[in-house]
>>> print(open('model_12.pdb').read())   # PDB, C-alpha atoms
MODEL        1
ATOM      1  CA  MET A   1       0.289 -14.501  -6.444
ATOM      2  CA  THR A   2      -1.466 -16.187  -3.587
ATOM      3  CA  VAL A   3      -0.039 -18.385  -0.881
ATOM      4  CA  ALA A   4      -1.367 -21.441  -2.731
ATOM      5  CA  ASP A   5       0.618 -20.518  -5.874
ATOM      6  CA  GLN A   6       3.976 -20.507  -4.107
ATOM      7  CA  THR A   7       6.346 -23.435  -4.284
ATOM      8  CA  PRO A   8       7.994 -24.819  -1.154
ATOM      9  CA  GLY A   9      11.616 -23.910  -0.593
ATOM     10  CA  GLU A  10      11.549 -20.649  -2.557
ATOM     11  CA  PRO A  11      11.698 -17.356  -0.677
ATOM     12  CA  ARG A  12       8.494 -15.356  -0.648
ATOM     13  CA  LYS A  13       8.087 -11.823  -1.903
ATOM     14  CA  MET A  14       8.272  -9.078   0.714
ATOM     15  CA  ARG A  15       4.517  -8.465   0.503
ATOM     16  CA  THR A  16       3.538 -12.097   1.142
ATOM     17  CA  SER A  17       6.194 -12.922   3.722
ATOM     18  CA  VAL A  18       6.023 -12.306   7.436
ATOM     19  CA  LYS A  19       9.294 -10.370   7.511
ATOM     20  CA  GLY A  20       7.894  -7.136   6.090
ATOM     21  CA  PRO A  21       5.187  -6.460   8.694
ATOM     22  CA  LEU A  22       7.483  -7.666  11.494
ATOM     23  CA  MET A  23      10.300  -5.309  10.484
ATOM     24  CA  PHE A  24       7.803  -2.454  10.077
ATOM     25  CA  SER A  25       6.367  -3.135  13.534
ATOM     26  CA  ALA A  26       9.768  -3.601  15.170
ATOM     27  CA  PHE A  27      10.925  -0.235  13.823
ATOM     28  CA  PHE A  28       7.933   1.556  15.328
ATOM     29  CA  ALA A  29       8.317  -0.363  18.602
ATOM     30  CA  VAL A  30      11.938   0.772  18.936
ATOM     31  CA  LEU A  31      10.949   4.316  18.013
ATOM     32  CA  ALA A  32       8.173   4.311  20.642
ATOM     33  CA  PHE A  33      10.519   2.782  23.236
ATOM     34  CA  VAL A  34      13.116   5.517  22.767
ATOM     35  CA  ALA A  35      10.529   8.297  22.660
ATOM     36  CA  VAL A  36       8.713   7.148  25.802
ATOM     37  CA  LEU A  37      11.977   6.500  27.625
ATOM     38  CA  ILE A  38      13.142  10.050  26.941
ATOM     39  CA  PHE A  39       9.893  11.938  27.444
ATOM     40  CA  ALA A  40       8.305   9.952  30.309
ATOM     41  CA  SER A  41      11.182  10.455  32.695
ATOM     42  CA  GLY A  42      10.620  14.205  32.871
ATOM     43  CA  GLY A  43      14.231  15.274  32.613
ATOM     44  CA  SER A  44      17.762  13.982  33.086
ATOM     45  CA  ALA A  45      17.686  14.432  36.877
ATOM     46  CA  LYS A  46      15.013  11.725  37.271
ATOM     47  CA  ALA A  47      15.290   7.982  36.707
ATOM     48  CA  PRO A  48      14.244   6.677  33.270
ATOM     49  CA  ARG A  49      10.845   4.977  33.179
ATOM     50  CA  PHE A  50      11.587   1.599  31.566
ATOM     51  CA  ASP A  51       8.181   0.239  32.562
ATOM     52  CA  LEU A  52       6.378   2.888  30.506
ATOM     53  CA  ALA A  53       8.894   2.516  27.669
ATOM     54  CA  PHE A  54       8.306  -1.241  27.384
ATOM     55  CA  THR A  55       4.549  -0.725  27.584
ATOM     56  CA  GLY A  56       4.645   1.896  24.835
ATOM     57  CA  ALA A  57       6.877  -0.299  22.683
ATOM     58  CA  GLY A  58       4.541  -3.256  23.088
ATOM     59  CA  ILE A  59       1.473  -1.225  22.190
ATOM     60  CA  ALA A  60       3.225   0.312  19.160
ATOM     61  CA  PHE A  61       4.404  -3.141  18.018
ATOM     62  CA  ILE A  62       0.962  -4.740  18.241
ATOM     63  CA  VAL A  63      -0.938  -1.844  16.662
ATOM     64  CA  SER A  64       1.488  -1.423  13.761
ATOM     65  CA  LEU A  65       1.590  -5.210  13.192
ATOM     66  CA  VAL A  66      -2.214  -5.365  12.976
ATOM     67  CA  VAL A  67      -2.325  -2.367  10.614
ATOM     68  CA  ALA A  68       0.417  -3.802   8.373
ATOM     69  CA  ALA A  69      -1.270  -7.212   8.290
ATOM     70  CA  MET A  70      -4.643  -5.704   7.395
ATOM     71  CA  LEU A  71      -3.100  -3.615   4.619
ATOM     72  CA  SER A  72      -1.206  -6.571   3.163
ATOM     73  CA  MET A  73      -4.322  -8.766   3.239
ATOM     74  CA  SER A  74      -6.424  -6.142   1.488
ATOM     75  CA  HIS A  75      -3.959  -5.764  -1.418
ATOM     76  CA  LYS A  76      -5.316  -7.036  -4.719
ATOM     77  CA  GLU A  77      -3.562  -7.041  -8.078
ATOM     78  CA  ASN A  78      -5.268  -5.312 -10.997
ATOM     79  CA  ALA A  79      -6.737  -7.458 -13.741
ATOM     80  CA  ASP A  80      -4.665  -7.782 -16.924
ATOM     81  CA  HIS A  81      -7.284  -6.158 -19.145
ATOM     82  CA  LEU A  82      -7.197  -2.888 -17.152
ATOM     83  CA  GLY A  83      -3.825  -1.854 -18.553
ATOM     84  CA  LYS A  84      -4.687  -2.337 -22.228
ATOM     85  CA  GLY A  85      -6.028   1.175 -22.920
ATOM     86  CA  SER A  86      -9.634   0.225 -23.556
ATOM     87  CA  GLY A  87     -11.015   2.577 -20.929
ATOM     88  CA  VAL A  88     -13.039   5.774 -21.142
ATOM     89  CA  ASN A  89     -10.112   8.108 -21.853
ATOM     90  CA  LEU A  90     -10.097   7.582 -25.605
ATOM     91  CA  SER A  91      -9.666  10.387 -28.080
ATOM     92  CA  SER A  92     -12.587  11.111 -30.386
ATOM     93  CA  LYS A  93     -10.290  12.793 -32.912
ATOM     94  CA  ARG A  94      -8.840   9.505 -34.132
ATOM     95  CA  PRO A  95     -11.187   7.423 -36.305
ATOM     96  CA  GLY A  96     -11.940   3.994 -34.976
ATOM     97  CA  HIS A  97     -10.758   4.810 -31.488
ATOM     98  CA  GLY A  98     -13.883   5.456 -29.495
ATOM     99  CA  GLY A  99     -15.646   8.238 -31.319
ATOM    100  CA  PRO A 100     -17.124   9.238 -34.668
ATOM    101  CA  ALA A 101     -14.645   9.998 -37.417
ATOM    102  CA  ALA A 102     -14.099  13.706 -37.969
ATOM    103  CA  PRO A 103     -14.336  14.768 -41.627
ATOM    104  CA  ASP A 104     -11.106  15.971 -43.150
ATOM    105  CA  ASP A 105     -12.666  18.565 -45.504
ATOM    106  CA  GLY A 106     -13.369  21.075 -42.741
ATOM    107  CA  THR A 107     -17.172  20.766 -42.804
ATOM    108  CA  GLU A 108     -19.054  19.906 -39.675
ATOM    109  CA  THR A 109     -21.574  17.109 -39.486
ATOM    110  CA  HIS A 110     -24.689  17.238 -37.378
ATOM    111  CA  ASP A 111     -25.478  14.131 -35.358
ATOM    112  CA  ALA A 112     -29.277  14.293 -35.086
ATOM    113  CA  GLY A 113     -29.832  13.562 -31.391
ATOM    114  CA  ARG A 114     -26.734  11.462 -30.776
TER
ENDMDL
END
>>> encode(input="model_12.pdb", output="structure tokens")
Amino acid sequence: MTVADQTPGEPRKMRTSVKGPLMFSAFFAVLAFVAVLIFASGGSAKAPRFDLAFTGAGIAFIVSLVVAAMLSMSHKENADHLGKGSGVNLSSKRPGHGGPAAPDDGTETHDAGR
């Protein structure tokens, strides 16, 4: 489903809406904020470094938002005919299903050059 196929007023799917990448990016921004705030201060005796924590959160938010947007734009649905079972993984033991029919009398046939 593309953006052009959607009707106005109906909610979008998670993959085509903006909420998914934003929530993904916000989670990693909060995670980076907490991690930088804890580890950049250098111990509990020193003051927390909020400037580095906000910088790390901003970088994590932007990078993860760009990655999520690129992944969602590159997603493409498979064609309908790909799931029908007409591929290369057919059994040659069943007659009419991709290979020569095996004789039932136990004798082998020789395919001259095939």
>>> residues_around(input="model_12.pdb", residues="A:Ala68", least_positions_apart="3", cutoff="12 Å", atoms="all atoms listed in the file", output="short mmCIF file (atom, residue, chain, number, x, y, z; two decimals) with C-alpha atoms, keeping the file's coordinate frame")
data_model
loop_
_atom_site.label_atom_id
_atom_site.label_comp_id
_atom_site.auth_asym_id
_atom_site.auth_seq_id
_atom_site.Cartn_x
_atom_site.Cartn_y
_atom_site.Cartn_z
CA ARG A 15 4.52 -8.46 0.50
CA THR A 16 3.54 -12.10 1.14
CA SER A 17 6.19 -12.92 3.72
CA VAL A 18 6.02 -12.31 7.44
CA LYS A 19 9.29 -10.37 7.51
CA GLY A 20 7.89 -7.14 6.09
CA PRO A 21 5.19 -6.46 8.69
CA LEU A 22 7.48 -7.67 11.49
CA MET A 23 10.30 -5.31 10.48
CA PHE A 24 7.80 -2.45 10.08
CA SER A 25 6.37 -3.14 13.53
CA ALA A 26 9.77 -3.60 15.17
CA PHE A 28 7.93 1.56 15.33
CA ALA A 60 3.22 0.31 19.16
CA PHE A 61 4.40 -3.14 18.02
CA ILE A 62 0.96 -4.74 18.24
CA VAL A 63 -0.94 -1.84 16.66
CA SER A 64 1.49 -1.42 13.76
CA LEU A 65 1.59 -5.21 13.19
CA LEU A 71 -3.10 -3.62 4.62
CA SER A 72 -1.21 -6.57 3.16
CA MET A 73 -4.32 -8.77 3.24
CA SER A 74 -6.42 -6.14 1.49
CA HIS A 75 -3.96 -5.76 -1.42
#
>>> atom_distance(input="model_12.pdb", atom1="atom CA of A:Val30", atom2="atom CA of A:Val66")
16.5 Å
>>> residues_around(input="model_12.pdb", residues="A:Gly56", least_positions_apart="4", cutoff="8 Å", atoms="all atoms listed in the file", output="list in words")
Ala29, Ala32, Phe33, Val36, Leu52 and Ala60 of chain A
>>> residues_around(input="model_12.pdb", residues="A:Val34", least_positions_apart="6", cutoff="12 Å", atoms="all atoms listed in the file", output="list in words")
Phe27, Phe28, Ala40, Ser41, Pro48, Arg49, Phe50, Leu52, Ala53, Phe54, Thr55, Gly56, Ala57 and Ala60 of chain A
>>> atom_distance(input="model_12.pdb", atom1="atom CA of A:Pro8", atom2="atom CA of A:Glu77")
22.3 Å
>>> atom_distance(input="model_12.pdb", atom1="atom CA of A:Ala69", atom2="atom CA of A:Asp51")
27.1 Å
>>> build_atoms(input="model_12.pdb", residues="stretch 16-38 of chain A", atoms="N, CA, C and O atoms", output="compact mmCIF listing (two decimals), in the coordinates of the input")
# COMPACT_ATOMS: atom_id res chain seq x y z
N THR A 16 4.21 -10.89 0.66
CA THR A 16 3.54 -12.10 1.14
C THR A 16 4.28 -12.77 2.28
O THR A 16 3.79 -13.73 2.85
N SER A 17 5.47 -12.30 2.63
CA SER A 17 6.19 -12.92 3.72
C SER A 17 5.83 -12.24 5.04
O SER A 17 5.18 -11.21 5.08
N VAL A 18 6.29 -12.83 6.10
CA VAL A 18 6.02 -12.31 7.44
C VAL A 18 7.06 -11.26 7.83
O VAL A 18 6.81 -10.43 8.69
N LYS A 19 8.20 -11.26 7.13
CA LYS A 19 9.29 -10.37 7.51
C LYS A 19 8.94 -8.89 7.37
O LYS A 19 9.35 -8.08 8.19
N GLY A 20 8.22 -8.54 6.33
CA GLY A 20 7.89 -7.14 6.09
C GLY A 20 7.11 -6.50 7.22
O GLY A 20 7.55 -5.49 7.79
N PRO A 21 5.93 -7.04 7.57
CA PRO A 21 5.19 -6.46 8.69
C PRO A 21 5.93 -6.53 10.02
O PRO A 21 5.81 -5.62 10.85
N LEU A 22 6.73 -7.58 10.24
CA LEU A 22 7.48 -7.67 11.49
C LEU A 22 8.56 -6.60 11.58
O LEU A 22 8.77 -5.99 12.64
N MET A 23 9.27 -6.35 10.47
CA MET A 23 10.30 -5.31 10.48
C MET A 23 9.67 -3.93 10.64
O MET A 23 10.19 -3.08 11.37
N PHE A 24 8.54 -3.71 9.96
CA PHE A 24 7.80 -2.45 10.08
C PHE A 24 7.38 -2.23 11.52
O PHE A 24 7.56 -1.14 12.09
N SER A 25 6.83 -3.25 12.16
CA SER A 25 6.37 -3.14 13.53
C SER A 25 7.52 -2.99 14.52
O SER A 25 7.42 -2.25 15.50
N ALA A 26 8.61 -3.70 14.28
CA ALA A 26 9.77 -3.60 15.17
C ALA A 26 10.38 -2.21 15.12
O ALA A 26 10.80 -1.67 16.16
N PHE A 27 10.41 -1.60 13.93
CA PHE A 27 10.92 -0.24 13.82
C PHE A 27 10.10 0.73 14.66
O PHE A 27 10.64 1.55 15.41
N PHE A 28 8.77 0.64 14.56
CA PHE A 28 7.93 1.56 15.33
C PHE A 28 7.96 1.24 16.82
O PHE A 28 7.81 2.13 17.65
N ALA A 29 8.19 -0.02 17.19
CA ALA A 29 8.32 -0.36 18.60
C ALA A 29 9.58 0.25 19.20
O ALA A 29 9.56 0.80 20.30
N VAL A 30 10.69 0.18 18.45
CA VAL A 30 11.94 0.77 18.94
C VAL A 30 11.80 2.29 19.01
O VAL A 30 12.26 2.92 19.98
N LEU A 31 11.17 2.87 18.01
CA LEU A 31 10.95 4.32 18.01
C LEU A 31 10.09 4.74 19.21
O LEU A 31 10.40 5.73 19.90
N ALA A 32 9.03 3.99 19.50
CA ALA A 32 8.17 4.31 20.64
C ALA A 32 8.92 4.10 21.96
O ALA A 32 8.74 4.88 22.91
N PHE A 33 9.74 3.04 22.02
CA PHE A 33 10.52 2.78 23.24
C PHE A 33 11.44 3.95 23.56
O PHE A 33 11.47 4.43 24.69
N VAL A 34 12.17 4.41 22.55
CA VAL A 34 13.12 5.52 22.77
C VAL A 34 12.37 6.80 23.11
O VAL A 34 12.76 7.53 24.03
N ALA A 35 11.28 7.07 22.41
CA ALA A 35 10.53 8.30 22.66
C ALA A 35 9.92 8.30 24.05
O ALA A 35 10.01 9.31 24.78
N VAL A 36 9.33 7.20 24.46
CA VAL A 36 8.71 7.15 25.80
C VAL A 36 9.79 7.17 26.88
O VAL A 36 9.61 7.81 27.93
N LEU A 37 10.90 6.51 26.64
CA LEU A 37 11.98 6.50 27.62
C LEU A 37 12.52 7.91 27.86
O LEU A 37 12.80 8.30 28.99
N ILE A 38 12.62 8.68 26.80
CA ILE A 38 13.14 10.05 26.94
C ILE A 38 12.10 10.98 27.56
O ILE A 38 12.39 11.73 28.50
